[in-house]
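File shown: model_0.cif. Contents: mmCIF, C-alpha atoms and all ligand atoms.
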data_query
#
loop_
_atom_site.label_atom_id
_atom_site.label_comp_id
_atom_site.auth_asym_id
_atom_site.auth_seq_id
_atom_site.Cartn_x
_atom_site.Cartn_y
_atom_site.Cartn_z
CA MET W 25 139.57 46.19 79.25
CA ASN W 26 140.32 49.93 79.29
CA LEU W 27 138.53 50.74 76.05
CA PRO W 28 134.93 50.23 77.19
CA LYS W 29 135.65 52.46 80.21
CA ILE W 30 136.79 55.35 78.00
CA HIS W 31 133.78 54.78 75.76
CA SER W 32 131.47 54.74 78.69
CA ILE W 33 132.71 58.14 79.92
CA SER W 34 132.40 59.70 76.46
CA LYS W 35 128.87 58.32 76.19
CA LYS W 36 128.01 59.73 79.61
CA ILE W 37 129.34 63.15 78.55
CA CYS W 38 127.20 62.99 75.39
CA VAL W 39 124.13 62.04 77.44
CA ALA W 40 124.82 64.94 79.83
CA LEU W 41 125.35 67.52 77.04
CA LEU W 42 122.29 66.39 75.10
CA GLY W 43 120.23 66.23 78.30
CA GLY W 44 121.35 69.77 79.22
CA PHE W 45 120.13 71.02 75.85
CA LEU W 46 116.78 69.25 76.35
CA LEU W 47 116.46 70.79 79.83
CA ILE W 48 116.82 74.25 78.29
CA PHE W 49 114.29 73.38 75.55
CA LEU W 50 111.75 72.29 78.20
CA LEU W 51 112.05 75.63 80.03
CA PHE W 52 111.51 77.44 76.73
CA HIS W 53 108.60 75.17 75.72
CA ALA W 54 106.85 75.48 79.09
CA SER W 55 107.24 79.30 79.08
CA ALA W 56 105.91 79.60 75.52
CA ASN W 57 102.89 77.43 76.41
CA LEU W 58 101.84 80.02 79.00
CA LEU W 59 100.69 82.17 76.05
CA VAL W 60 97.74 79.76 75.73
CA LEU W 61 96.46 81.22 79.01
CA ARG W 62 96.11 84.74 77.61
CA HIS W 63 92.49 85.72 77.03
CA ASP W 64 93.15 87.10 73.55
CA ASP W 65 91.46 84.42 71.43
CA GLY W 66 94.87 82.92 70.72
CA ALA W 67 96.31 86.05 69.07
CA TRP W 68 99.74 85.82 70.76
CA TYR W 69 100.01 82.01 70.80
CA SER W 70 98.98 81.76 67.13
CA ALA W 71 101.47 84.49 66.19
CA PHE W 72 104.16 82.59 68.13
CA CYS W 73 103.30 79.24 66.45
CA HIS W 74 103.24 80.98 63.07
CA PHE W 75 106.75 82.32 63.69
CA MET W 76 107.96 78.91 64.88
CA GLY W 77 106.41 77.21 61.86
CA THR W 78 107.75 79.59 59.20
CA ASN W 79 111.16 80.80 60.41
CA TYR W 80 114.01 78.89 58.74
CA ILE W 81 116.38 79.13 61.73
CA VAL W 82 113.64 77.62 63.94
CA LYS W 83 113.11 74.85 61.38
CA VAL W 84 116.81 73.93 61.58
CA PHE W 85 116.63 74.13 65.38
CA GLU W 86 113.64 71.77 65.32
CA ILE W 87 115.58 69.15 63.34
CA VAL W 88 118.56 69.53 65.71
CA LEU W 89 116.20 69.13 68.68
CA LEU W 90 114.63 65.95 67.33
CA GLY W 91 118.10 64.62 66.49
CA PHE W 92 119.28 65.39 70.04
CA ILE W 93 116.26 63.62 71.55
CA ALA W 94 117.00 60.54 69.40
CA LEU W 95 120.72 60.65 70.30
CA HIS W 96 119.95 61.12 74.01
CA ILE W 97 117.76 58.00 73.91
CA CYS W 98 120.32 55.98 71.88
CA PHE W 99 123.28 56.87 74.10
CA THR W 100 121.30 56.16 77.29
CA ALA W 101 120.12 52.78 75.98
CA TRP W 102 123.66 51.97 74.83
CA LEU W 103 125.13 52.89 78.24
CA TRP W 104 122.49 50.85 80.04
CA ILE W 105 123.12 47.78 77.86
CA THR W 106 126.93 47.98 78.09
CA ASN W 107 126.70 48.45 81.88
CA ARG W 108 124.46 45.41 82.15
CA LEU W 109 126.78 43.34 79.94
CA ALA W 110 129.81 44.43 81.96
CA ARG W 111 128.08 43.46 85.22
CA PRO W 112 125.80 40.48 84.53
CA VAL W 113 125.60 39.64 88.27
CA ARG W 114 124.09 42.61 90.08
CA TYR W 115 125.67 44.00 93.27
CA HIS W 116 124.36 42.75 96.58
CA LYS W 117 122.07 45.43 98.00
CA ASP W 118 122.72 46.33 101.63
CA GLY W 119 119.85 48.81 101.71
CA LYS W 120 122.18 51.70 102.52
CA SER W 121 122.80 52.94 98.98
CA LYS W 122 123.44 56.69 98.87
CA THR W 123 122.29 56.99 95.27
CA HIS W 124 119.49 59.44 94.73
CA PRO W 125 116.19 57.48 94.42
CA GLY W 126 115.55 59.19 91.07
CA SER W 127 118.76 57.74 89.60
CA LYS W 128 117.36 54.21 89.85
CA LEU W 129 114.23 55.41 88.10
CA MET W 130 115.99 57.24 85.25
CA MET W 131 115.57 54.41 82.76
CA TRP W 132 111.90 53.86 83.61
CA THR W 133 110.97 57.54 83.76
CA GLY W 134 112.83 57.96 80.45
CA ILE W 135 110.76 55.20 78.82
CA LEU W 136 107.54 56.79 80.13
CA ILE W 137 108.56 60.22 78.81
CA PHE W 138 109.35 58.66 75.44
CA SER W 139 105.89 57.00 75.34
CA PHE W 140 104.36 60.37 76.21
CA LEU W 141 106.32 61.99 73.37
CA VAL W 142 104.89 59.51 70.85
CA MET W 143 101.36 60.45 71.96
CA HIS W 144 102.25 64.17 72.15
CA PHE W 145 103.69 64.19 68.63
CA CYS W 146 100.55 62.47 67.27
CA GLN W 147 98.47 65.22 68.91
CA PHE W 148 100.54 68.18 67.68
CA TYR W 149 103.82 67.85 65.84
CA PHE W 150 102.68 65.24 63.30
CA VAL W 151 99.70 67.46 62.48
CA LYS W 152 102.21 70.10 61.38
CA LEU W 153 103.97 67.51 59.21
CA GLY W 154 100.59 66.51 57.72
CA TRP W 155 100.85 62.90 59.00
CA VAL W 156 97.86 63.25 61.33
CA LYS W 157 94.66 65.22 60.76
CA GLY W 158 93.93 68.23 62.95
CA GLU W 159 92.25 71.64 62.84
CA TYR W 160 93.79 74.36 60.73
CA MET W 161 93.79 78.11 60.33
CA VAL W 162 94.83 80.47 57.58
CA LYS W 163 95.75 84.16 57.53
CA THR W 164 92.87 86.19 56.03
CA GLU W 165 95.37 88.48 54.26
CA LYS W 166 96.72 85.47 52.32
CA LEU W 167 93.34 84.83 50.72
CA GLN W 168 93.17 88.15 48.88
CA ASP W 169 93.41 86.58 45.42
CA PRO W 170 92.60 89.37 42.87
CA GLU W 171 90.70 87.10 40.46
CA MET W 172 88.62 85.61 43.25
CA MET W 173 87.84 89.01 44.75
CA GLN W 174 86.76 90.22 41.32
CA TRP W 175 84.35 87.28 40.87
CA ALA W 176 82.88 87.81 44.31
CA GLU W 177 82.34 91.50 43.55
CA LEU W 178 80.80 90.81 40.12
CA ALA W 179 78.45 88.18 41.57
CA ASN W 180 77.40 90.75 44.15
CA GLN W 181 76.80 93.41 41.49
CA MET W 182 74.74 91.00 39.38
CA ASP W 183 72.77 90.00 42.45
CA GLN W 184 73.74 86.38 41.93
CA SER W 185 74.96 83.81 44.42
CA LEU W 186 78.59 82.82 43.92
CA ASP W 187 77.59 79.36 42.74
CA GLU W 188 75.20 80.83 40.16
CA PHE W 189 77.82 83.26 38.94
CA ILE W 190 80.50 80.58 38.61
CA ASN W 191 78.09 78.17 36.87
CA ASP W 192 77.37 80.99 34.37
CA LEU W 193 81.08 81.54 33.78
CA GLU W 194 81.56 77.81 33.28
CA ALA W 195 78.65 77.59 30.79
CA ARG W 196 80.01 80.58 28.87
CA ALA W 197 83.47 79.01 28.77
CA LEU W 198 81.99 75.78 27.39
CA THR W 199 80.09 77.66 24.64
CA TYR W 200 83.28 79.49 23.80
CA THR W 201 85.06 76.12 23.48
CA ASP W 202 82.40 74.80 21.08
CA GLU W 203 82.90 77.84 18.87
CA ASN W 204 86.69 77.95 19.06
CA SER W 205 87.50 74.32 19.90
CA ASP W 206 90.33 75.38 22.22
CA ALA W 207 89.39 72.59 24.64
CA GLU W 208 92.58 72.33 26.68
CA GLU W 209 92.78 76.00 27.53
CA THR W 210 89.10 76.11 28.46
CA GLN W 211 89.39 73.01 30.64
CA ALA W 212 92.27 74.65 32.52
CA TYR W 213 90.12 77.77 32.99
CA ILE W 214 87.16 75.69 34.23
CA ASP W 215 89.40 73.78 36.68
CA ARG W 216 90.67 77.10 38.02
CA LEU W 217 87.10 78.36 38.29
CA ARG W 218 86.01 75.28 40.22
CA GLY W 219 89.04 75.37 42.53
CA LYS W 220 88.61 79.04 43.33
CA SER W 221 84.87 78.64 43.78
CA GLU W 222 85.62 75.94 46.38
CA VAL W 223 87.94 78.39 48.17
CA LEU W 224 85.24 81.08 48.04
CA ASN W 225 82.77 78.63 49.56
CA ILE W 226 85.23 77.83 52.38
CA ILE W 227 85.66 81.56 53.09
CA THR W 228 81.90 82.22 52.96
CA ARG W 229 81.20 79.34 55.35
CA ALA W 230 83.89 80.58 57.75
CA TYR W 231 82.30 84.06 57.85
CA ASP W 232 78.77 82.61 58.14
CA GLU W 233 79.81 80.41 61.07
CA ASP W 234 81.85 83.22 62.63
CA ASN W 235 85.08 81.23 62.51
CA ILE W 236 87.15 84.40 62.38
CA SER W 237 89.58 85.25 65.18
CA GLU W 238 88.75 88.30 67.29
CA ASP W 239 91.55 90.35 65.68
CA GLY W 240 90.26 89.35 62.21
CA LYS W 241 93.68 87.97 61.23
CA TRP W 242 92.81 84.27 61.02
CA ILE W 243 90.13 82.01 59.60
CA ARG W 244 89.79 79.16 62.08
CA HIS W 245 88.35 75.61 62.31
CA LEU W 246 89.39 74.52 58.85
CA THR W 247 89.25 70.78 58.28
CA TYR W 248 92.04 68.66 56.78
CA GLU W 249 90.11 68.51 53.48
CA GLU W 250 89.62 72.30 53.39
CA ARG W 251 93.33 72.79 54.08
CA LYS W 252 94.07 70.52 51.11
CA VAL W 253 91.82 72.60 48.82
CA LEU W 254 93.50 75.83 49.96
CA ARG W 255 96.96 74.33 49.48
CA ASP W 256 96.11 73.08 45.98
CA VAL W 257 94.34 76.20 44.74
CA LEU W 258 96.23 78.94 46.58
CA PRO W 259 99.59 77.40 47.61
CA GLU W 260 100.84 80.73 48.95
CA SER W 261 97.99 80.81 51.52
CA ASP W 262 99.85 78.07 53.45
CA PRO W 263 97.24 77.02 56.07
CA GLU W 264 98.77 75.87 59.37
CA PRO W 265 97.63 73.86 62.40
CA ASP W 266 95.48 75.80 64.86
CA PHE W 267 97.52 74.79 67.93
CA TYR W 268 95.77 77.29 70.21
CA TYR W 269 92.39 75.69 69.55
CA MET W 270 93.84 72.16 69.58
CA VAL W 271 95.53 72.66 72.98
CA ARG W 272 92.36 74.14 74.49
CA GLN W 273 90.27 71.33 72.99
CA LEU W 274 92.65 68.61 74.25
CA PHE W 275 92.52 69.75 77.86
CA HIS W 276 88.74 69.65 77.98
CA ASN W 277 89.18 65.89 78.06
CA PRO W 278 89.72 64.73 81.70
CA ILE W 279 91.60 61.60 80.59
CA MET W 280 94.13 63.73 78.73
CA VAL W 281 94.41 66.08 81.71
CA ILE W 282 95.25 63.13 83.99
CA LEU W 283 97.70 61.60 81.48
CA TYR W 284 99.51 64.92 81.07
CA LEU W 285 99.64 65.56 84.83
CA ILE W 286 101.06 62.07 85.47
CA THR W 287 103.69 62.78 82.80
CA PHE W 288 104.70 66.00 84.56
CA VAL W 289 105.29 64.05 87.80
CA VAL W 290 107.42 61.55 85.89
CA LEU W 291 109.21 64.41 84.11
CA PHE W 292 109.86 66.07 87.48
CA ILE W 293 111.56 62.92 88.82
CA HIS W 294 113.62 62.60 85.63
CA MET W 295 114.70 66.26 85.53
CA ARG W 296 115.32 66.50 89.23
CA HIS W 297 117.99 63.81 88.97
CA ALA W 298 119.22 64.80 85.48
CA PHE W 299 120.18 68.34 86.49
CA PRO W 300 122.83 67.62 89.19
CA SER W 301 123.85 64.46 87.36
CA ALA W 302 124.73 66.43 84.19
CA PHE W 303 126.85 68.86 86.26
CA GLN W 304 128.65 65.95 87.88
CA THR W 305 129.39 64.16 84.59
CA LEU W 306 130.74 67.35 83.04
CA GLY W 307 133.00 67.84 86.08
CA LEU W 308 131.26 71.10 87.04
CA ASN W 309 130.31 69.83 90.47
CA ASN W 310 132.39 69.63 93.63
CA TYR W 311 131.60 69.18 97.32
CA LYS W 312 131.42 72.98 97.79
CA TYR W 313 128.64 73.51 95.24
CA ALA W 314 127.00 70.07 95.32
CA LYS W 315 124.18 71.15 97.65
CA ALA W 316 123.55 74.40 95.75
CA ILE W 317 123.40 72.55 92.41
CA ASP W 318 121.05 69.97 93.88
CA ILE W 319 118.69 72.71 95.15
CA LEU W 320 118.95 74.56 91.83
CA GLY W 321 117.99 71.31 90.07
CA GLN W 322 114.95 70.97 92.30
CA ILE W 323 113.86 74.56 91.67
CA TYR W 324 114.39 74.13 87.91
CA ALA W 325 112.30 70.94 87.78
CA TRP W 326 109.53 72.51 89.91
CA VAL W 327 109.37 75.67 87.78
CA VAL W 328 109.21 73.78 84.45
CA CYS W 329 106.67 71.18 85.62
CA LEU W 330 104.47 73.74 87.38
CA MET W 331 104.39 75.90 84.24
CA PHE W 332 103.33 72.87 82.15
CA ALA W 333 100.76 71.85 84.76
CA ALA W 334 99.34 75.39 85.05
CA VAL W 335 98.35 75.33 81.37
CA VAL W 336 96.63 71.96 81.64
CA ILE W 337 94.77 72.72 84.88
CA LEU W 338 93.72 76.29 84.06
CA VAL W 339 92.51 75.37 80.58
CA TYR W 340 90.54 72.45 82.04
CA LEU W 341 88.93 74.78 84.58
CA GLY W 342 88.10 77.22 81.79
CA LEU W 343 90.19 80.00 83.36
C1 LIG V 401 101.05 71.68 78.79
C2 LIG V 401 101.82 70.82 78.18
C3 LIG V 401 102.23 70.90 76.74
C4 LIG V 401 101.62 71.53 75.69
C5 LIG V 401 100.35 72.36 75.70
C6 LIG V 401 102.45 71.31 74.52
C7 LIG V 401 102.16 71.77 73.25
C8 LIG V 401 102.93 71.53 72.13
C9 LIG V 401 102.60 71.97 70.80
C10 LIG V 401 101.37 72.79 70.43
C11 LIG V 401 103.58 71.55 69.98
C12 LIG V 401 103.71 71.81 68.46
C13 LIG V 401 104.45 73.10 68.27
C14 LIG V 401 105.02 73.26 66.89
O1 LIG V 401 105.39 72.27 66.29
O2 LIG V 401 105.10 74.42 66.43
C15 LIG V 401 104.55 70.83 70.77
C16 LIG V 401 105.70 70.26 70.28
C17 LIG V 401 106.61 69.59 71.06
N1 LIG V 401 106.50 69.31 72.40
FE1 LIG V 401 105.03 69.91 73.63
N2 LIG V 401 103.54 70.54 74.88
C18 LIG V 401 103.43 70.26 76.23
C19 LIG V 401 104.30 69.49 76.99
C20 LIG V 401 105.45 68.90 76.51
C21 LIG V 401 106.34 68.09 77.28
C22 LIG V 401 106.14 67.75 78.75
C23 LIG V 401 107.35 67.71 76.47
C24 LIG V 401 108.56 66.87 76.74
C25 LIG V 401 108.66 65.97 77.66
C26 LIG V 401 107.10 68.28 75.16
C27 LIG V 401 107.90 68.13 74.06
C28 LIG V 401 107.62 68.61 72.80
C29 LIG V 401 108.51 68.45 71.65
C30 LIG V 401 109.85 67.73 71.67
C31 LIG V 401 107.86 69.05 70.56
C32 LIG V 401 108.36 69.10 69.09
C33 LIG V 401 109.27 70.24 68.88
C34 LIG V 401 108.55 71.51 68.63
O3 LIG V 401 107.75 71.58 67.69
O4 LIG V 401 108.78 72.49 69.38
N3 LIG V 401 105.92 68.99 75.21
N4 LIG V 401 104.11 70.82 72.08
#
Go through the file and emit its structure as structure tokens.
Ligand code: HEM
Amino acid sequence: MNLPKIHSISKKICVALLGGFLLIFLLFHASANLLVLRHDDGAWYSAFCHFMGTNYIVKVFEIVLLGFIALHICFTAWLWITNRLARPVRYHKDGKSKTHPGSKLMMWTGILIFSFLVMHFCQFYFVKLGWVKGEYMVKTEKLQDPEMMQWAELANQMDQSLDEFINDLEARALTYTDENSDAEETQAYIDRLRGKSEVLNIITRAYDEDNISEDGKWIRHLTYEERKVLRDVLPESDPEPDFYYMVRQLFHNPIMVILYLITFVVLFIHMRHAFPSAFQTLGLNNYKYAKAIDILGQIYAWVVCLMFAAVVILVYLGL
């Protein structure tokens, strides 16, 4: 029965490599989240999310990341099942096991982190994919449609409200159709008029309700329906989730604060064991460095989890 042994080691190496990658991602993710704490009305965090959401290299990285998470889970589950099948009768426990306490908890902490990820994705990532509704924002510079600007200016000059002006245009287009019976072309024009008038109404409401970011670059608090209108009428405007607002909103809810903080404790236990364990599996550990790697693992897990926790706690306290 040599084959399963070889397989088991290769699987362990895969788990370690994938886990190492995820450890690096968590440090990056926790550091980036600190931008939420800047008192700049989300200017830096929104710019960061915009870059992450539009850069093609990042998009590929995102797919790789999700693939690695899935593989990490699959390989771990596979290892666990094959180990169980290979040893149906469990060893007698003498109570003197030298295994790190976290190692026994790896499977359970892993399942809890996975459950957290499902919730976390529903709160953020799936909003980006359009599977879950959220709050959106759009760059003001992307709404400078020449035709729309011209209508707004003309309405202003004629001392008319936008709705009045667009109704006039529509009535004139209909009269023109009666005379020239070019119905299809006129209908297309009227549809464009109506679409763009909806966009103008969204913009007007945003300015009236002061939903403009402090630096004037973003229109905020757009609903799912408004995002749909913008996407249909001005596809190049490309509205995106307002993660800065959504994060701040989420951590006003004490239940979410507690759930996230519990997750960070679980994540700490998982990472604290994963770090030295990955070194050991990859053969990068020996008795000389074992202690140093263990301490490094502890520091790493503390730094990442404290950075995550700082965002949750400080946002909740309104700091
Ligand atoms: C303070 C805590 C956290 C906040 C505020 C936060 C916020 C976010 C936000 C806003 C996104 C969407 C970003 C985007 O798609 O552009 C995201 C995605 C993600 N988060 Fe978190 N997160 C936190 C903790 C965690 C933790 C603890 C984990 C892992 C255990 C995690 C794993 C992920 C993953 C895998 C993604 C999808 C990949 C990505 O879009 O970068 N997050 N998070």
Nearest to ligand LIG 401 (chain V) among W:Met182, W:Leu341, W:Val290, W:Cys38, with distances taken over only C-alpha atoms and all ligand atoms: which residue is it?
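Checking each candidate against ligand LIG 401 (chain V), we get W:Val290 as the closest.
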Can you work out the spacing between atom CA of Ala176 of chain W and atom CA of Glu264 of chain W in Å, to one decimal?
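One can read the atom CA of Ala176 of chain W to atom CA of Glu264 of chain W distance as 24.9 Å.
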Do you know which residues are at most 9 Å from segment 213-218 of chain W counting all atoms listed in the file, after dropping those on the same chain fewer than 2 positions away, and could you put them as a PyMOL selection string?
chain W and resi 172+190+193-194+197-198+208-211+220-223+257
Kindly provide, as a VMD selection string, all nucleotide and amino acid residues lying within 6 Å of ligand LIG 401 (chain V), counting only C-alpha atoms and all ligand atoms.
chain W and resid 57 73 76 to 77 86 137 148 to 149 267 271 332 to 333 335 to 336
What separation in Å, quoted to one decimal, exists between atom CA of Gly154 of chain W and atom CA of Pro263 of chain W?
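Atom CA of Pro263 of chain W lies 11.2 Å from atom CA of Gly154 of chain W.
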